[in-house]
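A.B. asks: Let me give you the structure first, and then I'll get to my questions.
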Amino acid sequence: VQLQASGGGLVQPGGSLRLSCAASGFAFRVNSMNWYRQAPGQQRDLVASITSGGTANYVDSVKGRFTISRDNARNTVYLQMNNLKPEDTAVYYCNRKSGSTQYWGQGTQVTVSS
């Protein structure tokens with residue numbers, strides 16, 4: 001299983017970024033996928049998830065600003081982040097759960113600062 005996240009960077013408050021996570025080594029289309037984030041000194045928290053059927057769920061703090069989506073033809077899950085705030089600054093991780101096993105990508109840094 002490999003999860004390769006990309007798309008992070010430095011953006012001003014109110015700006016946008018789109019994260020991508022390219023997956024391989026498992027049957028992507030039948031798996032739910034997740035995005036987590038971890039700010040310095042904080043625990044890693046779930047931000048958004050999407051089921052194999054495309055149903056999305058979000059943590060309250062990003063509802064209306066972030067959109068998770070998937071492209072099964074490309075084995076890729078996305079996180080579109082709009083109206084970014086300084087409190088969104090974190091390392092963002094792509095995640096897949098299989099039973100009690102969790103798989104993580106390498107993370108991509110998102111910094112929101114003026």
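A note on labels: chains of the structure tokens are A, B, ... as shown, every chain counts residues from 1, and ligands are counted from 1 in their shown order.
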Please provide as a list in words all residues within 8 Å of Tyr78 of chain A, with the sequence filter that same-chain residues fewer than 6 positions apart are discarded (counting only C-alpha atoms).
C.D. replies: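 Contacts, in chain order: Arg18, Leu19, Ser20, Cys21, Thr67, Ile68, Ser69 and Arg70 of chain A.
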A.B. asks: Taking the DSSP assignment computed from this structure's backbone, write out as a VMD selection string all residues of segment 8-110 of chain A that belong to strand (DSSP E).
C.D. replies: chain A and resid 9 to 11 17 to 24 33 to 38 45 to 50 56 to 58 66 to 71 76 to 81 90 to 98 101 to 104 108 to 110
A.B. asks: Would you pick out the contacts of segment 39-47 of chain A at 7 Å or less, using only C-alpha atoms, so that residues sharing its chain but fewer than 2 positions from it are not included, and give the list as number ranges by chain?
C.D. replies: A: 35-37, 58-59, 89-91
A.B. asks: Let me see the file: selected residues, all heavy atoms, as a tab-separated table (two decimals), in the first residue's frame.
C.D. replies:
chain	number	residue	atom	x	y	z
A	35	TRP	N	-8.72	12.17	5.04
A	35	TRP	CA	-7.66	13.17	5.22
A	35	TRP	C	-7.61	13.53	6.71
A	35	TRP	O	-8.65	13.82	7.31
A	35	TRP	CB	-7.93	14.42	4.41
A	35	TRP	CG	-7.63	14.30	2.95
A	35	TRP	CD1	-8.52	14.10	1.95
A	35	TRP	CD2	-6.34	14.40	2.33
A	35	TRP	NE1	-7.88	14.05	0.74
A	35	TRP	CE2	-6.53	14.25	0.95
A	35	TRP	CE3	-5.05	14.61	2.81
A	35	TRP	CZ2	-5.48	14.28	0.03
A	35	TRP	CZ3	-4.01	14.67	1.89
A	35	TRP	CH2	-4.22	14.50	0.53
A	36	TYR	N	-6.42	13.50	7.25
A	36	TYR	CA	-6.15	13.93	8.62
A	36	TYR	C	-5.21	15.12	8.57
A	36	TYR	O	-4.54	15.36	7.56
A	36	TYR	CB	-5.48	12.80	9.42
A	36	TYR	CG	-6.39	11.72	9.93
A	36	TYR	CD1	-6.93	10.77	9.06
A	36	TYR	CD2	-6.67	11.60	11.28
A	36	TYR	CE1	-7.74	9.76	9.53
A	36	TYR	CE2	-7.48	10.58	11.77
A	36	TYR	CZ	-8.00	9.67	10.89
A	36	TYR	OH	-8.81	8.66	11.36
A	37	ARG	N	-5.10	15.81	9.70
A	37	ARG	CA	-4.09	16.85	9.82
A	37	ARG	C	-3.53	16.88	11.22
A	37	ARG	O	-4.20	16.49	12.18
A	37	ARG	CB	-4.65	18.22	9.44
A	37	ARG	CG	-5.71	18.79	10.38
A	37	ARG	CD	-6.25	20.09	9.81
A	37	ARG	NE	-7.30	20.65	10.66
A	37	ARG	CZ	-8.04	21.71	10.31
A	37	ARG	NH1	-7.84	22.30	9.14
A	37	ARG	NH2	-8.96	22.16	11.13
A	58	TYR	N	-17.28	15.67	7.14
A	58	TYR	CA	-16.29	16.67	7.51
A	58	TYR	C	-16.35	16.98	8.99
A	58	TYR	O	-17.42	16.93	9.61
A	58	TYR	CB	-16.53	17.97	6.74
A	58	TYR	CG	-16.56	17.81	5.25
A	58	TYR	CD1	-17.76	17.58	4.58
A	58	TYR	CD2	-15.39	17.88	4.51
A	58	TYR	CE1	-17.79	17.41	3.21
A	58	TYR	CE2	-15.41	17.74	3.13
A	58	TYR	CZ	-16.61	17.50	2.49
A	58	TYR	OH	-16.63	17.34	1.13
A	59	VAL	N	-15.21	17.36	9.53
A	59	VAL	CA	-15.21	17.92	10.87
A	59	VAL	C	-15.85	19.30	10.80
A	59	VAL	O	-15.79	19.98	9.76
A	59	VAL	CB	-13.76	17.99	11.40
A	59	VAL	CG1	-12.92	18.98	10.62
A	59	VAL	CG2	-13.74	18.29	12.88
A	89	THR	N	-3.30	25.60	9.44
A	89	THR	CA	-1.89	25.24	9.28
A	89	THR	C	-1.59	23.92	9.97
A	89	THR	O	-1.88	23.74	11.15
A	89	THR	CB	-1.00	26.35	9.87
A	89	THR	OG1	-1.16	27.54	9.10
A	89	THR	CG2	0.47	25.93	9.86
A	90	ALA	N	-1.05	22.98	9.20
A	90	ALA	CA	-0.79	21.64	9.72
A	90	ALA	C	-0.12	20.82	8.62
A	90	ALA	O	-0.07	21.24	7.46
A	90	ALA	CB	-2.08	20.96	10.14
A	91	VAL	N	0.35	19.65	9.00
A	91	VAL	CA	0.72	18.64	8.02
A	91	VAL	C	-0.53	17.80	7.75
A	91	VAL	O	-1.17	17.32	8.69
A	91	VAL	CB	1.87	17.75	8.51
A	91	VAL	CG1	2.21	16.69	7.47
A	91	VAL	CG2	3.10	18.60	8.82
A.B. asks: Quick one, how far is atom CA of Ser52 of chain A from atom CA of Thr108 of chain A?
C.D. replies: 23.3 Å
A.B. asks: Which residues, written as a ChimeraX atom specification, have at least one atom at most 7 Å from Ser32 of chain A, with only C-alpha atoms counted and residues fewer than 2 positions away on the same chain left out?
C.D. replies: /A:30,34,50-52,96
A.B. asks: Out of A:Gly53, A:Glu87, A:Phe66, A:Ser16, which residue has the shortest atom-to-atom distance to Phe28 of chain A when counting only C-alpha atoms?
C.D. replies: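 Using only C-alpha atoms, Phe28 of chain A sits closest to A:Gly53.
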A.B. asks: Nearest to Pro13 of chain A among A:Thr76, A:Thr111, A:Gln106, A:Asn95, with distances taken over only C-alpha atoms: which residue is it?
C.D. replies: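 Checking each candidate against Pro13 of chain A, we get A:Thr111 as the closest.
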A.B. asks: Between A:Gln102, A:Gln109, A:Tyr92, A:Asn83, which residue has the minimum interatomic distance to Gln12 of chain A, considering only C-alpha atoms?
C.D. replies: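 Nearest to Gln12 of chain A: A:Asn83.
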A.B. asks: Find the spatial neighbours of Val112 of chain A, counting only C-alpha atoms, within a cut-off of 7 Å - ignore same-chain residues fewer than 2 positions away - and output them as a PyMOL selection string.
C.D. replies: chain A and resi 10-13+84-86+88-89+110
A.B. asks: With N, CA, C and O atoms retained, write the just-selected residues as a PDB file, in the first residue's frame.
C.D. replies:
ATOM      1  N   LEU A  10       2.487  27.274   0.979  1.00  0.00           N
ATOM      2  CA  LEU A  10       2.233  28.484   1.758  1.00  0.00           C
ATOM      3  C   LEU A  10       1.174  29.302   1.049  1.00  0.00           C
ATOM      4  O   LEU A  10       1.296  29.577  -0.155  1.00  0.00           O
ATOM      5  N   VAL A  11       0.150  29.687   1.780  1.00  0.00           N
ATOM      6  CA  VAL A  11      -0.947  30.457   1.200  1.00  0.00           C
ATOM      7  C   VAL A  11      -1.398  31.510   2.204  1.00  0.00           C
ATOM      8  O   VAL A  11      -1.300  31.302   3.428  1.00  0.00           O
ATOM      9  N   GLN A  12      -1.882  32.618   1.684  1.00  0.00           N
ATOM     10  CA  GLN A  12      -2.388  33.670   2.561  1.00  0.00           C
ATOM     11  C   GLN A  12      -3.781  33.320   3.075  1.00  0.00           C
ATOM     12  O   GLN A  12      -4.511  32.547   2.436  1.00  0.00           O
ATOM     13  N   PRO A  13      -4.153  33.869   4.209  1.00  0.00           N
ATOM     14  CA  PRO A  13      -5.530  33.657   4.691  1.00  0.00           C
ATOM     15  C   PRO A  13      -6.546  34.035   3.616  1.00  0.00           C
ATOM     16  O   PRO A  13      -6.381  35.053   2.916  1.00  0.00           O
ATOM     17  N   LEU A  84      -8.976  29.490   3.390  1.00  0.00           N
ATOM     18  CA  LEU A  84      -8.083  28.948   4.407  1.00  0.00           C
ATOM     19  C   LEU A  84      -7.813  29.955   5.516  1.00  0.00           C
ATOM     20  O   LEU A  84      -7.752  31.177   5.282  1.00  0.00           O
ATOM     21  N   LYS A  85      -7.662  29.410   6.716  1.00  0.00           N
ATOM     22  CA  LYS A  85      -7.430  30.214   7.913  1.00  0.00           C
ATOM     23  C   LYS A  85      -6.094  29.812   8.550  1.00  0.00           C
ATOM     24  O   LYS A  85      -5.644  28.674   8.352  1.00  0.00           O
ATOM     25  N   PRO A  86      -5.497  30.688   9.322  1.00  0.00           N
ATOM     26  CA  PRO A  86      -4.228  30.324   9.980  1.00  0.00           C
ATOM     27  C   PRO A  86      -4.339  29.044  10.807  1.00  0.00           C
ATOM     28  O   PRO A  86      -3.369  28.269  10.873  1.00  0.00           O
ATOM     29  N   ASP A  88      -5.766  26.441  10.041  1.00  0.00           N
ATOM     30  CA  ASP A  88      -5.691  25.272   9.167  1.00  0.00           C
ATOM     31  C   ASP A  88      -4.248  24.818   8.942  1.00  0.00           C
ATOM     32  O   ASP A  88      -4.008  23.782   8.325  1.00  0.00           O
ATOM     33  N   THR A  89      -3.302  25.596   9.437  1.00  0.00           N
ATOM     34  CA  THR A  89      -1.895  25.244   9.282  1.00  0.00           C
ATOM     35  C   THR A  89      -1.593  23.919   9.966  1.00  0.00           C
ATOM     36  O   THR A  89      -1.882  23.742  11.155  1.00  0.00           O
ATOM     37  N   VAL A 110       0.819  22.304   4.954  1.00  0.00           N
ATOM     38  CA  VAL A 110      -0.004  23.455   4.582  1.00  0.00           C
ATOM     39  C   VAL A 110       0.237  24.557   5.607  1.00  0.00           C
ATOM     40  O   VAL A 110       0.054  24.337   6.807  1.00  0.00           O
TER      41      VAL A 110
END
A.B. asks: Taking the DSSP secondary structure from the backbone, can you list the residues of chain A that are helix (DSSP H, G or I), as a ChimeraX atom specification?
C.D. replies: /A:28-30,60-62,86-88
A.B. asks: Determine the nearest neighbour of Cys94 of chain A from the options A:Gly9, A:Gly25, A:Gly54, A:Gly107, counting only C-alpha atoms.
C.D. replies: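 Checking each of A:Gly9, A:Gly25, A:Gly54, A:Gly107 against Cys94 of chain A, counting only C-alpha atoms, the winner is A:Gly107.
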A.B. asks: Of the candidates A:Phe26, A:Asn75, A:Tyr93, A:Ser100, which one gets nearest to Ala5 of chain A if we count only C-alpha atoms?
C.D. replies: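 Nearest candidate to Ala5 of chain A out of A:Phe26, A:Asn75, A:Tyr93, A:Ser100: A:Tyr93.
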A.B. asks: I want to know what sits within 7 Å of Ser24 of chain A, based on only C-alpha atoms, with residues of the same chain fewer than 2 positions away left out; could you give that as number ranges by chain?
C.D. replies: A: 1-3, 22, 26
A.B. asks: I need the chosen residues saved as a PDB file, in the first residue's frame, with all heavy atoms.
C.D. replies:
ATOM      1  N   VAL A   1       0.859  -1.189   0.000  1.00  0.00           N
ATOM      2  CA  VAL A   1       0.000   0.000   0.000  1.00  0.00           C
ATOM      3  C   VAL A   1       0.895   1.239   0.000  1.00  0.00           C
ATOM      4  O   VAL A   1       1.806   1.370   0.824  1.00  0.00           O
ATOM      5  CB  VAL A   1      -0.921   0.028   1.230  1.00  0.00           C
ATOM      6  CG1 VAL A   1      -1.684   1.342   1.302  1.00  0.00           C
ATOM      7  CG2 VAL A   1      -1.889  -1.149   1.202  1.00  0.00           C
ATOM      8  N   GLN A   2       0.608   2.130  -0.936  1.00  0.00           N
ATOM      9  CA  GLN A   2       1.319   3.416  -0.967  1.00  0.00           C
ATOM     10  C   GLN A   2       0.321   4.545  -1.111  1.00  0.00           C
ATOM     11  O   GLN A   2      -0.626   4.450  -1.896  1.00  0.00           O
ATOM     12  CB  GLN A   2       2.329   3.460  -2.111  1.00  0.00           C
ATOM     13  CG  GLN A   2       3.563   2.601  -1.888  1.00  0.00           C
ATOM     14  CD  GLN A   2       4.682   2.934  -2.851  1.00  0.00           C
ATOM     15  OE1 GLN A   2       4.434   3.350  -3.974  1.00  0.00           O
ATOM     16  NE2 GLN A   2       5.917   2.755  -2.411  1.00  0.00           N
ATOM     17  N   LEU A   3       0.540   5.594  -0.341  1.00  0.00           N
ATOM     18  CA  LEU A   3      -0.281   6.789  -0.410  1.00  0.00           C
ATOM     19  C   LEU A   3       0.667   7.972  -0.554  1.00  0.00           C
ATOM     20  O   LEU A   3       1.467   8.235   0.334  1.00  0.00           O
ATOM     21  CB  LEU A   3      -1.128   6.936   0.855  1.00  0.00           C
ATOM     22  CG  LEU A   3      -2.087   5.791   1.168  1.00  0.00           C
ATOM     23  CD1 LEU A   3      -2.699   5.955   2.545  1.00  0.00           C
ATOM     24  CD2 LEU A   3      -3.181   5.712   0.106  1.00  0.00           C
ATOM     25  N   ALA A  22      -2.319  10.120  -4.285  1.00  0.00           N
ATOM     26  CA  ALA A  22      -2.314   9.021  -5.237  1.00  0.00           C
ATOM     27  C   ALA A  22      -2.112   7.713  -4.488  1.00  0.00           C
ATOM     28  O   ALA A  22      -1.146   7.568  -3.737  1.00  0.00           O
ATOM     29  CB  ALA A  22      -1.207   9.232  -6.266  1.00  0.00           C
ATOM     30  N   PHE A  26      -3.738  -1.424  -3.493  1.00  0.00           N
ATOM     31  CA  PHE A  26      -4.982  -1.983  -2.953  1.00  0.00           C
ATOM     32  C   PHE A  26      -6.116  -1.557  -3.875  1.00  0.00           C
ATOM     33  O   PHE A  26      -5.950  -0.729  -4.773  1.00  0.00           O
ATOM     34  CB  PHE A  26      -5.222  -1.502  -1.527  1.00  0.00           C
ATOM     35  CG  PHE A  26      -5.440  -0.025  -1.370  1.00  0.00           C
ATOM     36  CD1 PHE A  26      -6.719   0.496  -1.255  1.00  0.00           C
ATOM     37  CD2 PHE A  26      -4.362   0.853  -1.335  1.00  0.00           C
ATOM     38  CE1 PHE A  26      -6.915   1.857  -1.114  1.00  0.00           C
ATOM     39  CE2 PHE A  26      -4.548   2.213  -1.200  1.00  0.00           C
ATOM     40  CZ  PHE A  26      -5.831   2.728  -1.078  1.00  0.00           C
TER      41      PHE A  26
END
